[in-house]
$ cat target_37.cif   # mmCIF, C-alpha atoms and all ligand atoms
data_target
#
loop_
_atom_site.label_atom_id
_atom_site.label_comp_id
_atom_site.auth_asym_id
_atom_site.auth_seq_id
_atom_site.Cartn_x
_atom_site.Cartn_y
_atom_site.Cartn_z
CA MET A 1 -10.16 -44.44 9.22
CA ASN A 2 -6.43 -43.87 9.63
CA THR A 3 -5.39 -44.24 13.28
CA GLN A 4 -2.58 -41.78 14.11
CA LEU A 5 0.11 -42.73 16.63
CA LEU A 6 0.81 -39.55 18.63
CA ASN A 7 4.00 -38.67 20.59
CA PRO A 8 4.03 -37.42 24.18
CA ASN A 9 4.46 -33.87 22.83
CA GLU A 10 1.13 -34.05 20.97
CA ILE A 11 -1.10 -33.69 24.04
CA GLU A 12 -2.94 -30.75 22.42
CA THR A 13 -3.73 -32.81 19.31
CA ALA A 14 -5.16 -35.62 21.48
CA ALA A 15 -7.21 -33.11 23.48
CA ALA A 16 -8.53 -31.44 20.32
CA ILE A 17 -9.71 -34.79 18.91
CA ILE A 18 -11.55 -35.55 22.17
CA LYS A 19 -13.10 -32.08 22.26
CA SER A 20 -14.39 -32.47 18.73
CA GLY A 21 -16.10 -35.81 19.43
CA GLY A 22 -13.37 -38.24 18.33
CA LEU A 23 -11.82 -41.28 20.00
CA VAL A 24 -8.28 -41.33 21.39
CA GLY A 25 -6.24 -44.10 23.02
CA ILE A 26 -4.89 -42.59 26.22
CA PRO A 27 -2.03 -43.88 28.36
CA THR A 28 -2.81 -44.39 32.05
CA GLU A 29 -0.80 -46.05 34.80
CA THR A 30 -3.20 -49.04 34.81
CA VAL A 31 -3.90 -49.95 31.15
CA TYR A 32 -4.43 -47.94 27.95
CA GLY A 33 -7.92 -46.44 27.83
CA LEU A 34 -10.21 -45.59 24.93
CA GLY A 35 -11.19 -42.00 25.67
CA ALA A 36 -14.00 -39.75 24.45
CA ASN A 37 -15.69 -36.56 25.67
CA GLY A 38 -17.79 -37.92 28.55
CA LEU A 39 -20.42 -35.21 28.05
CA ASN A 40 -21.00 -36.05 24.37
CA PRO A 41 -23.40 -39.02 24.03
CA LEU A 42 -22.58 -39.62 20.35
CA ALA A 43 -18.83 -39.71 20.99
CA VAL A 44 -19.36 -42.10 23.90
CA ARG A 45 -21.59 -44.33 21.79
CA SER A 46 -18.74 -44.75 19.31
CA ILE A 47 -16.55 -46.17 22.12
CA PHE A 48 -19.01 -49.05 22.46
CA GLN A 49 -18.94 -49.59 18.69
CA ALA A 50 -15.13 -49.59 18.43
CA LYS A 51 -14.80 -52.09 21.28
CA GLY A 52 -17.86 -54.20 20.59
CA ARG A 53 -18.81 -53.52 24.21
CA PRO A 54 -22.27 -54.43 25.56
CA GLN A 55 -24.36 -51.27 26.14
CA ASP A 56 -25.24 -52.24 29.71
CA ASN A 57 -21.61 -52.00 30.84
CA PRO A 58 -20.98 -48.45 32.14
CA LEU A 59 -17.77 -46.47 31.61
CA ILE A 60 -15.50 -44.76 34.12
CA LEU A 61 -15.22 -40.97 33.97
CA HIS A 62 -11.66 -39.63 34.21
CA ILE A 63 -10.90 -36.23 35.75
CA PRO A 64 -7.64 -34.31 36.30
CA ASP A 65 -8.22 -33.61 40.01
CA ALA A 66 -10.67 -34.26 42.83
CA SER A 67 -12.19 -30.77 42.66
CA TRP A 68 -14.11 -31.89 39.54
CA LEU A 69 -16.11 -34.39 41.62
CA GLU A 70 -18.56 -31.77 42.81
CA THR A 71 -19.52 -30.81 39.27
CA TYR A 72 -20.72 -34.32 38.38
CA CYS A 73 -21.58 -36.06 41.68
CA GLU A 74 -23.87 -35.42 44.63
CA ASP A 75 -24.18 -36.78 48.18
CA ILE A 76 -20.40 -37.25 48.16
CA PRO A 77 -19.52 -38.97 51.44
CA GLU A 78 -16.62 -37.74 53.56
CA SER A 79 -14.86 -41.07 52.88
CA ALA A 80 -14.59 -40.15 49.17
CA TRP A 81 -12.56 -37.04 49.99
CA ARG A 82 -10.33 -39.02 52.34
CA LEU A 83 -9.76 -41.71 49.69
CA ALA A 84 -9.02 -39.02 47.07
CA ARG A 85 -6.48 -37.35 49.37
CA ARG A 86 -4.71 -40.66 49.97
CA PHE A 87 -4.94 -42.43 46.60
CA TRP A 88 -5.47 -39.81 43.86
CA PRO A 89 -4.03 -39.37 41.41
CA GLY A 90 -3.91 -43.16 41.23
CA PRO A 91 -5.56 -46.47 40.31
CA LEU A 92 -8.73 -46.08 42.39
CA THR A 93 -12.24 -45.65 40.95
CA MET A 94 -15.01 -44.49 43.26
CA ILE A 95 -18.66 -45.18 42.51
CA LEU A 96 -20.63 -42.10 43.56
CA ARG A 97 -24.13 -40.73 43.12
CA CYS A 98 -24.50 -38.95 39.78
CA LYS A 99 -25.80 -35.37 39.89
CA GLU A 100 -29.33 -34.73 38.58
CA ARG A 101 -29.94 -31.92 36.08
CA SER A 102 -31.69 -28.81 37.37
CA PRO A 103 -35.40 -28.38 36.46
CA GLU A 104 -34.40 -25.51 34.12
CA GLU A 105 -31.89 -27.68 32.26
CA LEU A 106 -34.43 -30.49 31.94
CA GLU A 107 -36.98 -28.07 30.53
CA ALA A 108 -34.44 -26.76 28.01
CA LEU A 109 -33.66 -30.33 26.89
CA LYS A 110 -37.38 -31.12 26.53
CA ASN A 111 -37.83 -28.09 24.31
CA GLY A 112 -34.59 -28.72 22.41
CA PRO A 113 -34.17 -30.68 19.19
CA VAL A 114 -35.97 -34.05 19.08
CA CYS A 115 -34.31 -36.75 21.15
CA SER A 116 -32.21 -34.35 23.28
CA LEU A 117 -33.66 -35.79 26.44
CA THR A 118 -33.33 -39.40 25.33
CA HIS A 119 -29.72 -38.74 24.30
CA PHE A 120 -28.67 -36.94 27.45
CA GLY A 121 -30.98 -38.37 30.14
CA SER A 122 -32.05 -36.64 33.34
CA ARG A 123 -28.58 -36.60 34.90
CA ILE A 124 -25.53 -34.42 34.22
CA ILE A 125 -23.64 -37.43 32.85
CA PRO A 126 -25.30 -38.87 29.72
CA ASP A 127 -27.03 -42.23 30.27
CA VAL A 128 -24.78 -43.90 27.69
CA VAL A 129 -21.80 -43.37 30.06
CA THR A 130 -23.54 -44.74 33.17
CA ALA A 131 -25.67 -47.35 31.36
CA GLY A 132 -28.64 -45.47 32.83
CA LEU A 133 -27.57 -46.08 36.45
CA ASP A 134 -27.94 -43.27 38.98
CA THR A 135 -24.27 -43.73 39.93
CA VAL A 136 -21.02 -42.97 38.13
CA GLY A 137 -17.47 -44.32 38.41
CA MET A 138 -14.92 -41.51 38.90
CA ARG A 139 -11.15 -41.74 38.66
CA CYS A 140 -8.17 -39.38 38.60
CA PRO A 141 -5.32 -41.23 36.82
CA ALA A 142 -1.69 -41.01 37.95
CA HIS A 143 -0.23 -40.83 34.41
CA SER A 144 0.60 -37.15 33.97
CA MET A 145 0.08 -37.20 30.17
CA CYS A 146 -3.41 -38.56 30.73
CA ARG A 147 -4.27 -35.78 33.18
CA ASP A 148 -2.76 -33.21 30.80
CA ILE A 149 -4.96 -34.47 27.95
CA ILE A 150 -8.10 -34.27 30.10
CA ALA A 151 -7.23 -30.81 31.43
CA ALA A 152 -6.50 -29.55 27.89
CA ALA A 153 -9.78 -31.01 26.61
CA GLY A 154 -11.57 -29.33 29.52
CA VAL A 155 -14.15 -32.14 29.80
CA PRO A 156 -14.31 -35.35 31.83
CA VAL A 157 -13.08 -38.22 29.66
CA ALA A 158 -15.14 -41.42 29.56
CA ALA A 159 -12.77 -44.31 29.01
CA PRO A 160 -12.97 -48.08 29.29
CA SER A 161 -9.88 -50.20 28.69
CA GLY A 162 -8.67 -49.86 25.09
CA ASN A 163 -9.02 -53.51 24.02
CA THR A 164 -11.62 -55.18 21.86
CA SER A 165 -14.28 -56.33 24.34
CA GLY A 166 -13.37 -59.62 25.98
CA ARG A 167 -9.66 -59.52 25.02
CA PRO A 168 -6.77 -58.86 27.42
CA SER A 169 -6.43 -55.14 28.19
CA PRO A 170 -3.62 -53.25 26.39
CA THR A 171 -0.59 -52.25 28.45
CA THR A 172 1.38 -50.77 25.53
CA ALA A 173 0.40 -48.42 22.70
CA GLN A 174 1.22 -51.20 20.21
CA HIS A 175 -1.19 -53.63 21.93
CA MET A 176 -3.92 -51.02 21.68
CA LEU A 177 -3.09 -50.41 18.02
CA ASP A 178 -3.31 -54.18 17.41
CA ASP A 179 -6.97 -54.07 18.53
CA MET A 180 -8.05 -50.59 17.41
CA ASP A 181 -6.15 -49.79 14.20
CA GLY A 182 -8.58 -48.24 11.72
CA LYS A 183 -11.37 -47.93 14.31
CA ILE A 184 -10.30 -44.84 16.29
CA ASP A 185 -8.71 -41.46 15.49
CA ALA A 186 -5.47 -41.72 17.44
CA ILE A 187 -3.43 -43.29 20.23
CA LEU A 188 -1.04 -41.23 22.32
CA ASP A 189 2.02 -43.34 23.14
CA GLY A 190 2.86 -42.69 26.78
CA GLY A 191 5.07 -45.74 27.27
CA ASP A 192 4.36 -49.05 29.01
CA CYS A 193 1.73 -49.05 31.77
CA GLN A 194 3.33 -49.21 35.19
CA VAL A 195 0.51 -50.97 37.07
CA GLY A 196 -0.66 -53.29 34.30
CA VAL A 197 -4.13 -54.16 35.65
CA GLU A 198 -7.18 -51.89 35.84
CA SER A 199 -8.15 -49.65 38.74
CA THR A 200 -9.60 -50.88 42.02
CA ILE A 201 -13.33 -50.04 42.05
CA VAL A 202 -15.00 -49.14 45.35
CA ASP A 203 -18.73 -48.49 45.63
CA LEU A 204 -19.34 -45.70 48.15
CA THR A 205 -23.09 -45.48 47.50
CA CYS A 206 -23.87 -48.49 49.69
CA ARG A 207 -23.32 -49.33 53.36
CA PRO A 208 -20.87 -50.89 54.05
CA PRO A 209 -18.75 -49.79 51.08
CA ARG A 210 -17.99 -52.53 48.60
CA LEU A 211 -14.95 -53.58 46.59
CA LEU A 212 -16.41 -54.27 43.13
CA ARG A 213 -13.15 -54.97 41.32
CA PRO A 214 -9.65 -55.54 42.75
CA GLY A 215 -6.96 -53.54 40.96
CA GLY A 216 -4.03 -51.19 41.31
CA ILE A 217 -4.74 -50.29 44.96
CA PRO A 218 -4.62 -53.43 47.14
CA LEU A 219 -7.54 -54.15 49.48
CA GLU A 220 -5.19 -54.07 52.48
CA GLU A 221 -4.43 -50.39 51.78
CA LEU A 222 -8.12 -49.49 51.56
CA LEU A 223 -8.90 -51.18 54.88
CA ASP A 224 -7.04 -48.39 56.61
CA LEU A 225 -9.64 -45.82 55.49
CA LEU A 226 -12.59 -48.17 54.95
CA PRO A 227 -12.35 -50.72 57.81
CA ASP A 228 -15.80 -52.18 57.07
CA ILE A 229 -15.33 -52.60 53.28
CA GLU A 230 -16.87 -55.82 51.87
CA LEU A 231 -15.77 -57.89 48.91
CA ASP A 232 -18.40 -58.16 46.16
CA PRO A 233 -19.04 -61.86 45.40
CA ALA A 234 -18.29 -61.23 41.70
CA VAL A 235 -14.64 -60.61 42.62
CA VAL A 236 -14.04 -64.19 43.67
CA ARG A 237 -16.56 -66.37 41.87
CA GLN A 238 -18.44 -66.68 38.62
CA MET A 239 -21.89 -65.08 38.59
CA ALA A 240 -24.75 -67.54 38.25
CA GLU A 241 -27.27 -67.24 35.41
CA GLY A 242 -29.48 -64.20 36.08
CA GLU A 243 -27.38 -62.99 39.02
CA LYS A 244 -26.61 -59.25 38.84
CA PRO A 245 -23.22 -58.03 40.07
CA ARG A 246 -23.02 -54.38 41.23
CA ALA A 247 -20.39 -53.68 38.57
CA PRO A 248 -22.22 -54.79 35.42
CA GLY A 249 -18.90 -55.51 33.68
CA MET A 250 -18.03 -58.28 36.13
CA LYS A 251 -20.56 -60.66 34.57
CA TYR A 252 -18.82 -60.84 31.19
CA ARG A 253 -16.00 -63.15 30.10
CA HIS A 254 -13.04 -60.84 30.16
CA TYR A 255 -9.34 -60.40 29.72
CA ALA A 256 -9.28 -63.58 27.68
CA PRO A 257 -6.79 -64.74 25.06
CA ARG A 258 -8.11 -66.84 22.18
CA ALA A 259 -6.78 -70.10 23.63
CA PRO A 260 -8.46 -71.63 26.69
CA VAL A 261 -6.61 -71.09 29.97
CA THR A 262 -6.20 -73.46 32.91
CA VAL A 263 -5.26 -71.62 36.11
CA VAL A 264 -3.26 -73.65 38.64
CA LYS A 265 -3.48 -72.56 42.27
CA GLY A 266 -1.35 -73.64 45.21
CA PRO A 267 2.13 -73.13 46.61
CA PRO A 268 4.46 -72.13 43.72
CA VAL A 269 6.51 -75.36 43.63
CA ARG A 270 3.33 -77.46 43.70
CA SER A 271 1.62 -75.55 40.90
CA ALA A 272 4.80 -75.66 38.80
CA GLU A 273 4.95 -79.45 39.32
CA TYR A 274 1.28 -79.85 38.47
CA ILE A 275 1.79 -78.09 35.16
CA LEU A 276 4.89 -80.18 34.41
CA ASP A 277 2.92 -83.38 35.09
CA HIS A 278 0.05 -82.35 32.82
CA LEU A 279 1.86 -80.89 29.80
CA THR A 280 1.52 -83.11 26.77
CA ASP A 281 2.63 -81.38 23.57
CA SER A 282 4.97 -78.42 23.03
CA SER A 283 3.56 -77.80 19.55
CA TRP A 284 0.33 -76.33 20.95
CA GLU A 285 0.63 -75.75 24.71
CA GLY A 286 2.10 -72.68 26.42
CA VAL A 287 3.00 -71.91 30.04
CA ILE A 288 2.71 -68.67 32.00
CA CYS A 289 4.81 -69.16 35.13
CA PHE A 290 6.82 -67.44 37.81
CA ASN A 291 10.40 -66.61 36.76
CA GLU A 292 11.89 -69.23 39.09
CA PHE A 293 10.26 -72.05 37.11
CA ALA A 294 10.80 -70.82 33.53
CA HIS A 295 13.55 -73.40 32.89
CA TRP A 296 11.28 -76.31 33.92
CA TYR A 297 9.51 -76.41 30.57
CA PRO A 298 12.13 -76.67 27.79
CA GLY A 299 10.65 -76.69 24.29
CA TYR A 300 7.38 -75.08 25.42
CA LEU A 301 6.44 -71.45 24.84
CA VAL A 302 7.01 -69.87 28.26
CA GLU A 303 6.03 -66.38 29.40
CA GLN A 304 7.50 -65.25 32.71
CA LEU A 305 5.03 -63.50 34.97
CA GLY A 306 7.55 -62.20 37.54
CA GLY A 307 9.01 -63.62 40.73
CA ALA A 308 6.78 -66.00 42.72
CA VAL A 309 6.18 -63.46 45.49
CA ASP A 310 6.40 -60.29 43.37
CA THR A 311 2.69 -59.77 42.72
CA TRP A 312 3.30 -56.17 41.50
CA GLU A 313 5.52 -57.46 38.69
CA GLN A 314 2.97 -60.22 37.98
CA ALA A 315 0.23 -57.61 37.61
CA ARG A 316 2.42 -55.51 35.31
CA ARG A 317 3.18 -58.47 32.99
CA LEU A 318 -0.08 -60.45 33.05
CA PHE A 319 -1.92 -59.01 30.03
CA ARG A 320 1.27 -58.88 27.98
CA ALA A 321 1.83 -62.60 28.72
CA LEU A 322 -1.72 -63.50 27.63
CA ARG A 323 -1.31 -61.53 24.40
CA ALA A 324 2.07 -63.15 23.70
CA MET A 325 0.39 -66.57 23.93
CA ASP A 326 -2.12 -65.46 21.29
CA GLU A 327 0.62 -64.17 19.00
CA ALA A 328 2.36 -67.53 19.17
CA GLY A 329 -0.94 -69.25 18.36
CA VAL A 330 -0.89 -71.79 21.21
CA LYS A 331 -4.08 -73.79 21.67
CA HIS A 332 -3.99 -74.18 25.45
CA ILE A 333 -2.42 -72.06 28.19
CA TRP A 334 -1.36 -73.24 31.64
CA ALA A 335 -0.98 -70.41 34.15
CA GLN A 336 0.57 -70.40 37.61
CA CYS A 337 -1.44 -68.32 40.04
CA PRO A 338 -0.29 -66.40 43.15
CA ASP A 339 -2.21 -66.32 46.43
CA ASP A 340 -4.72 -63.53 46.87
CA THR A 341 -2.89 -61.18 49.22
CA GLY A 342 -1.82 -57.66 48.15
CA MET A 343 -1.78 -57.24 44.38
CA GLY A 344 -2.29 -61.02 44.19
CA LEU A 345 -6.07 -60.49 44.54
CA ALA A 346 -6.16 -58.54 41.25
CA VAL A 347 -3.90 -61.06 39.48
CA VAL A 348 -6.05 -64.00 40.68
CA ASN A 349 -9.22 -62.16 39.59
CA ARG A 350 -7.91 -61.41 36.05
CA LEU A 351 -6.52 -64.92 35.58
CA SER A 352 -9.75 -66.48 36.87
CA LYS A 353 -11.82 -64.43 34.44
CA ALA A 354 -9.40 -65.04 31.55
CA SER A 355 -9.91 -68.76 32.15
CA GLY A 356 -13.70 -68.51 32.57
CA PHE A 357 -13.02 -69.70 36.17
CA HIS A 358 -11.32 -72.87 34.94
CA ILE A 359 -9.17 -73.26 38.06
CA VAL A 360 -7.48 -76.34 39.49
CA ASP A 361 -5.83 -76.72 42.91
CA ALA A 362 -2.37 -78.28 42.76
P1 LIG K 1 -13.25 -50.92 32.10
O1 LIG K 1 -13.24 -49.47 31.86
O2 LIG K 1 -13.13 -51.74 30.89
O3 LIG K 1 -12.21 -51.23 33.12
O4 LIG K 1 -14.64 -51.22 32.75
C1 LIG K 1 -15.19 -50.39 33.74
C2 LIG K 1 -15.72 -51.21 34.87
O5 LIG K 1 -16.33 -50.31 35.79
C3 LIG K 1 -16.79 -52.20 34.44
O6 LIG K 1 -16.62 -53.42 35.14
C4 LIG K 1 -18.06 -51.49 34.87
O7 LIG K 1 -19.09 -52.42 35.12
C5 LIG K 1 -17.62 -50.74 36.13
N1 LIG K 1 -18.46 -49.56 36.39
C6 LIG K 1 -18.44 -48.37 35.72
N2 LIG K 1 -19.39 -47.54 36.21
C7 LIG K 1 -20.02 -48.18 37.20
C8 LIG K 1 -21.10 -47.86 38.09
N3 LIG K 1 -21.72 -46.69 38.03
N4 LIG K 1 -21.49 -48.80 38.99
C9 LIG K 1 -20.87 -50.00 39.05
N5 LIG K 1 -19.83 -50.36 38.24
C10 LIG K 1 -19.41 -49.47 37.32
MG MG K 2 -12.12 -53.44 30.25
#
$ encode --input "target_37.cif" --output "structure tokens"
Amino acid sequence: MNTQLLNPNEIETAAAIIKSGGLVGIPTETVYGLGANGLNPLAVRSIFQAKGRPQDNPLILHIPDASWLETYCEDIPESAWRLARRFWPGPLTMILRCKERSPEELEALKNGPVCSLTHFGSRIIPDVVTAGLDTVGMRCPAHSMCRDIIAAAGVPVAAPSGNTSGRPSPTTAQHMLDDMDGKIDAILDGGDCQVGVESTIVDLTCRPPRLLRPGGIPLEELLDLLPDIELDPAVVRQMAEGEKPRAPGMKYRHYAPRAPVTVVKGPPVRSAEYILDHLTDSSWEGVICFNEFAHWYPGYLVEQLGGAVDTWEQARRLFRALRAMDEAGVKHIWAQCPDDTGMGLAVVNRLSKASGFHIVDA
């Protein structure tokens, strides 16, 4: 398959591919997504194939505005509308109850061609999107081209991050092409992603509401509207064998470059010193560090993450830094890690997972 690179003025082409069951790389403010018609089970299945994604890891459904929620979700709590008013369009995914099909629709599916019911399932969103759960992740992205594509396609767009499963998420069209060339129909180049890490996921189907994944909306901002929100354990530690996180995706090794990563926590000067003390060979070790310390490691491959306290910049540059380490072919990566306030929580989470929770305290 020849993967076309589309310009921002080819929104209609991207929408037409999605409508007809194809796969398109879509720009969002968080990371590039791999989009398909979320109501077409066969199209959605091909997302899993292109990424090599485990089938039990559900996808997020992208919509152009909050009014679409009522078509696909039921028992929508008042808090969902408040969150949508404050944070949409933006990097927030809400887990909501998925709407059941009406008895008439179910009957029609049963009497339809063989397998209709197994393909579509008993809910409005096909089971392949939700991994058979009775909940669905909903998001309205801030990137206007992304919303334009969805609106032009006229269907909710199921989209995970556009990387090969396990690899760092793509924050540029080129990074997505590096992973997906020849496997998908097209990528629309909407420029570099402004947030750089995935959306914050909040589960509103449980009491109290739960933060399943930190991301583009910091926890501190959510506390305003959800004062009793709890942190899912999978955000901060590795899941034990057999333990089931509420976001199935959180159990997998993720965001990882090919080389093993050691994450170094602690005050910035201390972590920078720790790395300096432990570096052994510039021919195969690389360093991801805060800008202030970039000159401490002459001869080594260094990727600057951003200023030591600028966690927004760190989030924006993190996946690009991990990919750059892969391109250079280093065999071990040392990474400085911020504290977990503000956007720091998302940066710590992605670095921890990229390292398989190989974390040392300086
Ligand atoms: P990605 O699109 O690659 O960022 O992955 C989507 C993330 O959302 C994964 O971690 C999924 O496990 C999570 N997710 C999607 N739908 C649900 C759901 N209904 N309940 C819990 N987590 C979900
Ligand atoms: Mg992903």
$ closest_atom_pairs --input "target_37.cif" --of "chain A" --to "ligand LIG 1 (chain K)" --cutoff "6 Å" --atoms "all atoms listed in the file" --output "CSV"
residue,atom,partner,partner_atom,distance
A:Asn57,CA,K:LIG1,O7,5.0
A:Pro58,CA,K:LIG1,C6,4.4
A:Leu59,CA,K:LIG1,C6,4.6
A:Ile60,CA,K:LIG1,C6,4.9
A:Ile95,CA,K:LIG1,N3,5.6
A:Thr130,CA,K:LIG1,N3,5.5
A:Thr135,CA,K:LIG1,N3,4.3
A:Val136,CA,K:LIG1,N3,3.8
A:Gly137,CA,K:LIG1,N2,4.3
A:Ala159,CA,K:LIG1,O1,5.9
A:Pro160,CA,K:LIG1,O1,2.9
A:Ser161,CA,K:LIG1,O2,4.2
A:Glu198,CA,K:LIG1,O3,5.8
A:Arg246,CA,K:LIG1,C9,5.3
A:Ala247,CA,K:LIG1,N5,3.4
A:Pro248,CA,K:LIG1,O7,3.9
A:Gly249,CA,K:LIG1,O7,3.4
A:Met250,CA,K:LIG1,O6,5.2
$ closest_residue --input "target_37.cif" --among "A:Ile275, A:Leu305, A:Gly166, A:Glu243" --to "ligand MG 2 (chain K)" --atoms "all atoms listed in the file"
A:Gly166
$ closest_residue --input "target_37.cif" --among "A:Asp127, A:Glu29, A:Glu303, A:Asp192" --to "A:Ser144" --atoms "all atoms listed in the file"
A:Glu29
$ residues_around --input "target_37.cif" --residues "A:Tyr274" --least-positions-apart "3" --cutoff "6 Å" --atoms "only C-alpha atoms" --output "compact mmCIF listing (two decimals) with C-alpha atoms, in the frame of the given file"
# COMPACT_ATOMS: atom_id res chain seq x y z
CA SER A 271 1.62 -75.55 40.90
CA ASP A 277 2.92 -83.38 35.09
CA ALA A 362 -2.37 -78.28 42.76
$ residues_around --input "target_37.cif" --residues "A:His358" --least-positions-apart "2" --cutoff "8 Å" --atoms "all atoms listed in the file" --output "count of residues only"
7
$ residues_around --input "target_37.cif" --residues "stretch 175-178 of chain A" --least-positions-apart "2" --cutoff "9 Å" --atoms "only C-alpha atoms" --output "list in words"
Thr3, Leu5, Gly25, Tyr32, Gly33, Leu34, Gly162, Asn163, Thr164, Ser169, Pro170, Thr171, Thr172, Ala173, Met180, Asp181, Gly182, Ile187, Arg320 and Arg323 of chain A
$ closest_residue --input "target_37.cif" --among "A:Met343, A:Leu222, A:Ile217, A:Val197" --to "ligand MG 2 (chain K)" --atoms "all atoms listed in the file"
A:Val197
$ atom_distance --input "target_37.cif" --atom1 "atom CA of A:Ala346" --atom2 "atom CA of A:Leu211"
11.4 Å
